[in-house]
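Peer 1: Quick one: the structure is below, questions incoming.
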Amino acid sequence: MKYLLAVTNKLKGQYMEKGLNEFKIGEKGTIKVVNGEGKLRRRLFDMGVTPGAKIELIKKAPLGDPLEVHIRNYVLTLRKSEASLVIMEVEE
Amino acid sequence: MIKVALAGNPNCGKTTLFNALTGSTAHVGNWPGVTVDKREGLYKKLGEDIKIVDLPGIYSLSPYTPEEVISRNFIVEEKPDCVINIVDATNLERNLYLTTQLLEMEVPIVVALNMMDLIEKRNDKLDVEKLQAALGVPVVTISALKKQGSEELMLAALNAKKREPKTVLENTALKPLIDKIVDVCKGNDEIDNLLYHAIKVIEEDEIEIKDHKLQVNIVEEFKKETGIDTEAMIADERYKYIEANYSVCLEKSENRKVLKSEKVDRVLTHKVFGFVFFFLILFAVFHLTFSENFLFLGKLIDDEWVSFEGVPILEGILGEGSINSPGVIITNLFNNCVEWFFGIIGGWFESGPEWLNSFVNDGLLAGLAAVLSFLPLILILFLFISILEDTGYMARVAFIFDKIFKKFGLSGRALMPMIMGFGCSVPAMSNTRTLQNQNERTTTIRVIPFFSCGAKLPILTAIAGAIALRWGANADLITFSMYLLGITVAIIAIIIMRGTTMKGDSQPFIMELPEYHRPSAGSIMHLLWHKLSHFIKKAFTIILASQIVVWFLLNFTFDWKYIPSYEELDVDASILAGFGRLLQPIFTPLGFGNQLGSTGWVFIVAAISGLIAKENVISTFGTLAACLVGAAIDVEADGGVEAVTAMMTSTGITAAGLIAFIVFNMTTIPCFAAVATAKGESPDKRTYHFTLLFWLVASFLAATTVYLIGSWWWTTFIIIGVIALCFVLIKIINKNNNNNNPKDGDLFDFARNSNHNCCD
């Protein structure tokens, strides 16, 4: 039973999806979906935040917001409210 | 003449390359209708002159920022002979995203691969031949910083041929749709840039949609049939194409290395040290610029054994028992030179008729000297700001403080201009160009004067000193609370503006944190030179003209008779005094109006003279007080405390009235130099006029509030209630409006308006 629980937890972890805003520092993942519309969504696309791109959360600003992420070989900062539009698949 | 445009991402070395190519022929202006720099110049080394236009730094050709709209309109409508696309080799993936969009246009393109030296330093390998083959346009490696490769680049640009537009969407599901729309466009007799227009329509581009109603229907149908999110797919395909091609070209030595910037940022954006360093840097900037006690070495200097008194060049080095900071030394040196030079010119007129002598010496030269005396401080502050900007630190400041500013509807980028406002409004207002949104810019420009600048400090200390002398309060405490009051007024004004006329909520804060790098001395010198020439032009035109008008009003009576000089006590009869008396009733709620009786106009005249330069307020106090008591008063000796005391006893103004006077001067229309800057930074005349009106209304309201509270303490509750009610009303009204109309208007409006009239 214990073993089974561990396995399911691991599976859950592997395929876990959550918003980029819920990432912890050092956590990595791949973008699944980019929500939002119009200007905001387009701006995210233009900065390379597209489905399939890999993101690592480097750090949070001293006051907890905005976030600093590593994406497509450069460093991007965005607010939590914008990060919540980016749905991630968490990497182990 | 052949015309070449430079396009590329921000921070890719575009401006450095532009400066290297054009040198002294560079000319900086504004793109029509927006406050975005337009740089133009000539490249002269290839026999025939080539005109070079530096397009603003952009990440994409989206229709959402002024920079992007300007760039695409320029390329589509002005049809340059070639576009040089500068690409940062250290950041190929994101930089090539713009390239894929440029390739869809028909204009000849040359890719300038910048910072190749850094690639080599990292032991990475980049195959330029392969990249050139993949992109299908010439690729030239350059180093903008070391000025290498510019001749090869310009030769390639000169020889660039007309080419077939090309898209990375060639082998995707969107290809049939693109072809279909191109065909429909052809049927409608469109000829230029068909592919570009077609793809932009599919991307649901705000500007294109409006002109292509028919094609939009086809796209809508396609989306319904296939269920494809075209906008997302296009962005995705672009990056996929880049990834596929650039990974072939780029051989990386290791996996992701921790960037140098990341290490630096461990300290500079640290939870605690981040703030400590920010305030240290800020302190250093202000200390180096304004301090009269450099490095606190004051105690080391003894007037007895070292003094440069009487040696004009060295005089400014020492303050009273201290060493001046570099900023103050340069300012003193500059002012001594101006004084000496103006003294010679003024001397020629001393034997002439008295009105001419007064006009030249008191009107022209004194006024010019007052404005020019800002110049060194402005330039030094500019220097520090541009160094901080160039290194990439400013982006970090925005990052650290964004959360606080988000609450007021601004972004962290607004912090630096506001703090610079404590030094001088002129560089502070220019610095607002780093803000992404026009409404955010305008809001920030309007509140910058509330952050009391260096020139307003003498007014504060003189009046605070006089109040302390008469009523026994603490002068420093009064001065300090005035600064806090200014900030409070600014915050209230920001909230009200962002809720009403300057809307544009939910501005995205999605920004690159560029790698730290050494600032390029050449670029900074170019910038300083531009600011210098700009300021001098302003000083000798509108500022000078305004000063002549004020001098005239102060020295002539209504029946066009010249008043010899202040000492004659006839200032009373001048046009300006007449205006002062006329305006007196308006200032009654502020505590320095009708209740002061027949001599009450002196405060109003002093405030008006402050519109030229806030330094004038204290010197006007001196001359006016001398008129009132009938004896000369030296404002230099005690900073104007005696003059204020004299005006106090003669007019019977209350302490509340005096404080209201300070507040009025702090929040009203700033000096001519700042007004001229605000005008230059406004997108149109209407905004500029509203800014002036805003300052007048804000100062009247703020000063009245202070006077009411100071005179009748219980009014505090009423005023707090009124402000709270305003906030609540704004919230309620906005909520209703947002339900009806969810779009925020300003940039869309800009995009629509500027589509066809942007390039004149």
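Each chain of the structure tokens is named A, B, ... in the order shown, its residues numbered from 1; ligands are numbered from 1 in display order.
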Give one line per residue of chain B that approaches chain A to at most 8 Å, naming the two atoms of the closest pair and their distance in Å to one decimal, counting only C-alpha atoms; sort by chain then ascending residue number and deliver it as a tab-separated table.
Peer 2:
```
residue	atom	partner	partner_atom	distance
B:Tyr59	CA	A:Asp46	CA	6.5
B:Ser60	CA	A:Asp46	CA	6.0
B:Ser62	CA	A:Arg42	CA	7.6
B:Tyr64	CA	A:Lys39	CA	6.3
B:Asn91	CA	A:Asn73	CA	6.5
B:Glu93	CA	A:Arg72	CA	6.5
B:Arg94	CA	A:Gly48	CA	6.6
B:Tyr97	CA	A:Asp46	CA	7.7
B:Glu231	CA	A:Arg42	CA	8.0
B:Ala232	CA	A:Phe45	CA	7.4
B:Ala235	CA	A:Phe45	CA	6.1
B:Asp236	CA	A:Thr50	CA	5.9
B:Tyr239	CA	A:Gly48	CA	7.5
B:Thr269	CA	A:Pro62	CA	7.0
B:His270	CA	A:Pro62	CA	6.4
B:Lys271	CA	A:Pro62	CA	4.2
B:Val272	CA	A:Pro62	CA	7.3
B:Gly274	CA	A:Pro62	CA	7.5
B:Phe399	CA	A:Ala61	CA	6.4
B:Ile400	CA	A:Ala61	CA	5.5
B:Phe401	CA	A:Leu63	CA	7.8
B:Asp402	CA	A:Pro66	CA	7.0
B:Lys403	CA	A:Asp65	CA	5.8
B:Pro508	CA	A:Leu40	CA	6.3
B:Phe509	CA	A:Leu78	CA	5.5
B:Ile510	CA	A:Leu78	CA	4.5
B:Met511	CA	A:Thr77	CA	5.3
B:Glu512	CA	A:Leu76	CA	4.5
B:Leu513	CA	A:Val75	CA	5.4
B:Pro514	CA	A:Val75	CA	7.0
```
Peer 1: Export, as a compact mmCIF listing (two decimals), in the first residue's frame, the selected residues with C-alpha atoms.
Peer 2:
```txt
# COMPACT_ATOMS: atom_id res chain seq x y z
CA TYR B 59 10.96 42.38 -29.95
CA SER B 60 8.27 41.89 -32.54
CA SER B 62 2.98 43.42 -32.98
CA TYR B 64 0.61 46.98 -29.37
CA ASN B 91 20.77 35.58 -27.58
CA GLU B 93 16.78 32.43 -30.19
CA ARG B 94 14.79 35.47 -29.13
CA TYR B 97 11.98 35.96 -33.74
CA GLU B 231 -2.14 33.45 -33.19
CA ALA B 232 -0.57 30.92 -30.82
CA ALA B 235 4.28 32.36 -32.62
CA ASP B 236 4.96 28.72 -31.87
CA TYR B 239 10.16 29.63 -32.47
CA THR B 269 18.25 41.93 -6.19
CA HIS B 270 18.68 40.16 -2.85
CA LYS B 271 15.79 40.32 -0.39
CA VAL B 272 17.65 42.63 1.98
CA GLY B 274 18.89 44.62 -2.87
CA PHE B 399 12.01 44.56 -10.71
CA ILE B 400 12.63 45.25 -7.01
CA PHE B 401 10.02 47.96 -6.58
CA ASP B 402 7.33 46.89 -9.01
CA LYS B 403 5.04 45.42 -6.38
CA PRO B 508 1.63 44.06 -18.55
CA PHE B 509 5.01 44.04 -16.83
CA ILE B 510 6.79 41.51 -19.02
CA MET B 511 10.33 42.70 -19.41
CA GLU B 512 13.74 41.39 -20.27
CA LEU B 513 16.35 41.63 -17.54
CA PRO B 514 19.33 42.31 -19.79
```
Peer 1: If you run DSSP over the backbone, which residues in region 51-290 of chain B end up helix (DSSP H, G or I)? Put them as an MDAnalysis selection string.
Peer 2: chainID B and resid 66:78 89:102 116:121 128:135 150:159 175:187 194:202 206:211 213:226 230:249 260:268 273:290
Peer 1: Based on the selection just made, write C-alpha atoms of those residues as a short mmCIF file (atom, residue, chain, number, x, y, z; two decimals), in the first residue's frame.
Peer 2:
```cif
data_model
loop_
_atom_site.label_atom_id
_atom_site.label_comp_id
_atom_site.auth_asym_id
_atom_site.auth_seq_id
_atom_site.Cartn_x
_atom_site.Cartn_y
_atom_site.Cartn_z
CA PRO B 66 4.23 52.76 -30.23
CA GLU B 67 7.74 51.43 -30.96
CA GLU B 68 6.43 48.45 -32.90
CA VAL B 69 3.85 50.47 -34.83
CA ILE B 70 6.48 53.05 -35.79
CA SER B 71 8.86 50.38 -37.05
CA ARG B 72 6.35 48.52 -39.20
CA ASN B 73 4.84 51.69 -40.63
CA PHE B 74 8.27 52.97 -41.50
CA ILE B 75 9.26 49.81 -43.34
CA VAL B 76 5.91 49.39 -45.13
CA GLU B 77 5.26 53.02 -46.00
CA GLU B 78 8.64 54.73 -46.27
CA ALA B 89 24.59 36.51 -31.22
CA THR B 90 24.55 35.65 -27.52
CA ASN B 91 20.77 35.58 -27.58
CA LEU B 92 19.99 34.22 -31.03
CA GLU B 93 16.78 32.43 -30.19
CA ARG B 94 14.79 35.47 -29.13
CA ASN B 95 16.49 37.89 -31.53
CA LEU B 96 15.69 35.81 -34.61
CA TYR B 97 11.98 35.96 -33.74
CA LEU B 98 11.90 39.51 -35.08
CA THR B 99 13.97 38.41 -38.08
CA THR B 100 11.37 35.82 -39.06
CA GLN B 101 8.79 38.61 -39.19
CA LEU B 102 11.00 40.99 -41.15
CA MET B 116 30.35 37.49 -31.88
CA ASP B 117 33.39 38.13 -29.71
CA LEU B 118 31.34 37.17 -26.67
CA ILE B 119 30.34 33.89 -28.33
CA GLU B 120 33.99 33.08 -28.85
CA LYS B 121 34.78 34.04 -25.28
CA VAL B 128 27.59 31.97 -39.89
CA GLU B 129 27.46 30.24 -43.29
CA LYS B 130 24.75 27.90 -42.11
CA LEU B 131 22.77 30.72 -40.58
CA GLN B 132 23.02 32.67 -43.82
CA ALA B 133 21.78 29.68 -45.78
CA ALA B 134 18.87 29.14 -43.38
CA LEU B 135 17.75 32.76 -43.43
CA SER B 150 30.74 48.31 -40.13
CA GLU B 151 32.23 48.82 -43.59
CA GLU B 152 31.47 45.25 -44.70
CA LEU B 153 27.99 45.69 -43.28
CA MET B 154 27.29 48.88 -45.21
CA LEU B 155 28.66 47.33 -48.41
CA ALA B 156 26.30 44.40 -47.96
CA ALA B 157 23.42 46.82 -47.33
CA LEU B 158 24.32 48.78 -50.45
CA ASN B 159 24.36 45.62 -52.57
CA LYS B 175 0.05 27.42 -45.69
CA PRO B 176 -3.27 26.91 -47.58
CA LEU B 177 -4.87 29.68 -45.54
CA ILE B 178 -2.01 32.08 -46.28
CA ASP B 179 -2.23 31.34 -50.00
CA LYS B 180 -5.98 31.88 -49.98
CA ILE B 181 -5.69 35.25 -48.31
CA VAL B 182 -2.86 36.36 -50.59
CA ASP B 183 -5.11 35.53 -53.54
CA VAL B 184 -8.00 37.54 -52.15
CA CYS B 185 -5.66 40.51 -51.57
CA LYS B 186 -4.42 40.26 -55.16
CA GLY B 187 -8.02 40.33 -56.33
CA LEU B 194 1.15 40.69 -49.71
CA LEU B 195 2.64 37.91 -47.63
CA TYR B 196 3.27 40.21 -44.68
CA HIS B 197 -0.29 41.56 -44.72
CA ALA B 198 -1.76 38.08 -45.08
CA ILE B 199 0.14 36.67 -42.11
CA LYS B 200 -0.64 39.70 -39.95
CA VAL B 201 -4.35 39.21 -40.70
CA ILE B 202 -4.08 35.58 -39.63
CA GLU B 206 -5.40 44.96 -34.60
CA ILE B 207 -4.21 47.25 -37.39
CA GLU B 208 -4.56 44.83 -40.29
CA ILE B 209 -7.97 43.49 -39.28
CA LYS B 210 -9.52 46.89 -39.79
CA ASP B 211 -8.37 47.13 -43.44
CA LYS B 213 -12.68 42.75 -43.38
CA LEU B 214 -13.15 40.17 -46.13
CA GLN B 215 -9.98 38.26 -45.28
CA VAL B 216 -10.83 38.24 -41.57
CA ASN B 217 -13.97 36.26 -42.37
CA ILE B 218 -11.89 33.64 -44.15
CA VAL B 219 -9.61 33.33 -41.11
CA GLU B 220 -12.61 33.04 -38.78
CA GLU B 221 -14.04 30.27 -40.94
CA PHE B 222 -10.71 28.46 -41.00
CA LYS B 223 -10.43 28.68 -37.21
CA LYS B 224 -13.92 27.29 -36.77
CA GLU B 225 -13.29 24.42 -39.16
CA THR B 226 -9.91 23.34 -37.86
CA THR B 230 -3.82 30.78 -35.29
CA GLU B 231 -2.14 33.45 -33.19
CA ALA B 232 -0.57 30.92 -30.82
CA MET B 233 0.35 28.62 -33.68
CA ILE B 234 2.21 31.29 -35.63
CA ALA B 235 4.28 32.36 -32.62
CA ASP B 236 4.96 28.72 -31.87
CA GLU B 237 5.99 27.89 -35.44
CA ARG B 238 8.36 30.85 -35.55
CA TYR B 239 10.16 29.63 -32.47
CA LYS B 240 10.13 26.04 -33.66
CA TYR B 241 11.76 27.10 -36.92
CA ILE B 242 14.38 29.12 -35.05
CA GLU B 243 15.12 26.29 -32.65
CA ALA B 244 15.47 23.82 -35.51
CA ASN B 245 17.86 26.06 -37.43
CA TYR B 246 19.87 27.82 -34.82
CA SER B 247 20.73 24.68 -32.90
CA VAL B 248 22.39 23.50 -36.11
CA CYS B 249 24.37 26.74 -36.33
CA LYS B 260 27.58 36.35 -14.76
CA SER B 261 24.57 38.62 -14.34
CA GLU B 262 22.83 36.01 -12.26
CA LYS B 263 25.73 36.01 -9.81
CA VAL B 264 25.70 39.80 -9.57
CA ASP B 265 21.96 39.71 -9.09
CA ARG B 266 22.32 37.41 -6.11
CA VAL B 267 23.40 40.57 -4.33
CA LEU B 268 21.76 43.39 -6.28
CA PHE B 273 20.85 43.71 0.26
CA GLY B 274 18.89 44.62 -2.87
CA PHE B 275 17.29 47.52 -1.03
CA VAL B 276 20.49 48.40 0.81
CA PHE B 277 22.41 48.62 -2.46
CA PHE B 278 19.69 50.63 -4.12
CA PHE B 279 19.77 53.25 -1.39
CA LEU B 280 23.58 53.23 -1.34
CA ILE B 281 23.72 53.83 -5.10
CA LEU B 282 21.09 56.51 -4.81
CA PHE B 283 22.95 58.17 -1.96
CA ALA B 284 26.18 58.06 -3.96
CA VAL B 285 24.53 59.70 -6.97
CA PHE B 286 23.03 62.53 -4.93
CA HIS B 287 26.14 62.92 -2.83
CA LEU B 288 28.41 63.20 -5.86
CA THR B 289 26.06 65.67 -7.50
CA PHE B 290 24.80 67.92 -4.73
#
```
Peer 1: Where does DSSP see strand (DSSP E) in region 60-250 of chain B, if you list the residues as a list in words?
Peer 2: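 So the strand (DSSP E) residues in region 60-250 of chain B would be Cys82, Val83, Ile84, Asn85, Ile86, Val87, Asp88, Ile109, Val110, Val111, Ala112, Leu113, Asn114, Lys125, Leu126, Val139, Val140, Thr141 and Leu250 of chain B.
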Peer 1: Interatomic distance between CA of Ala613 (chain B) and CA of Trp560 (chain B)?
Peer 2: 25.9 Å
Peer 1: Please measure the separation of CA of Val36 (chain B) and CA of Ser430 (chain B), giving the value in Å to one decimal.
Peer 2: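 Distance reported for this atom pair: 10.9 Å.
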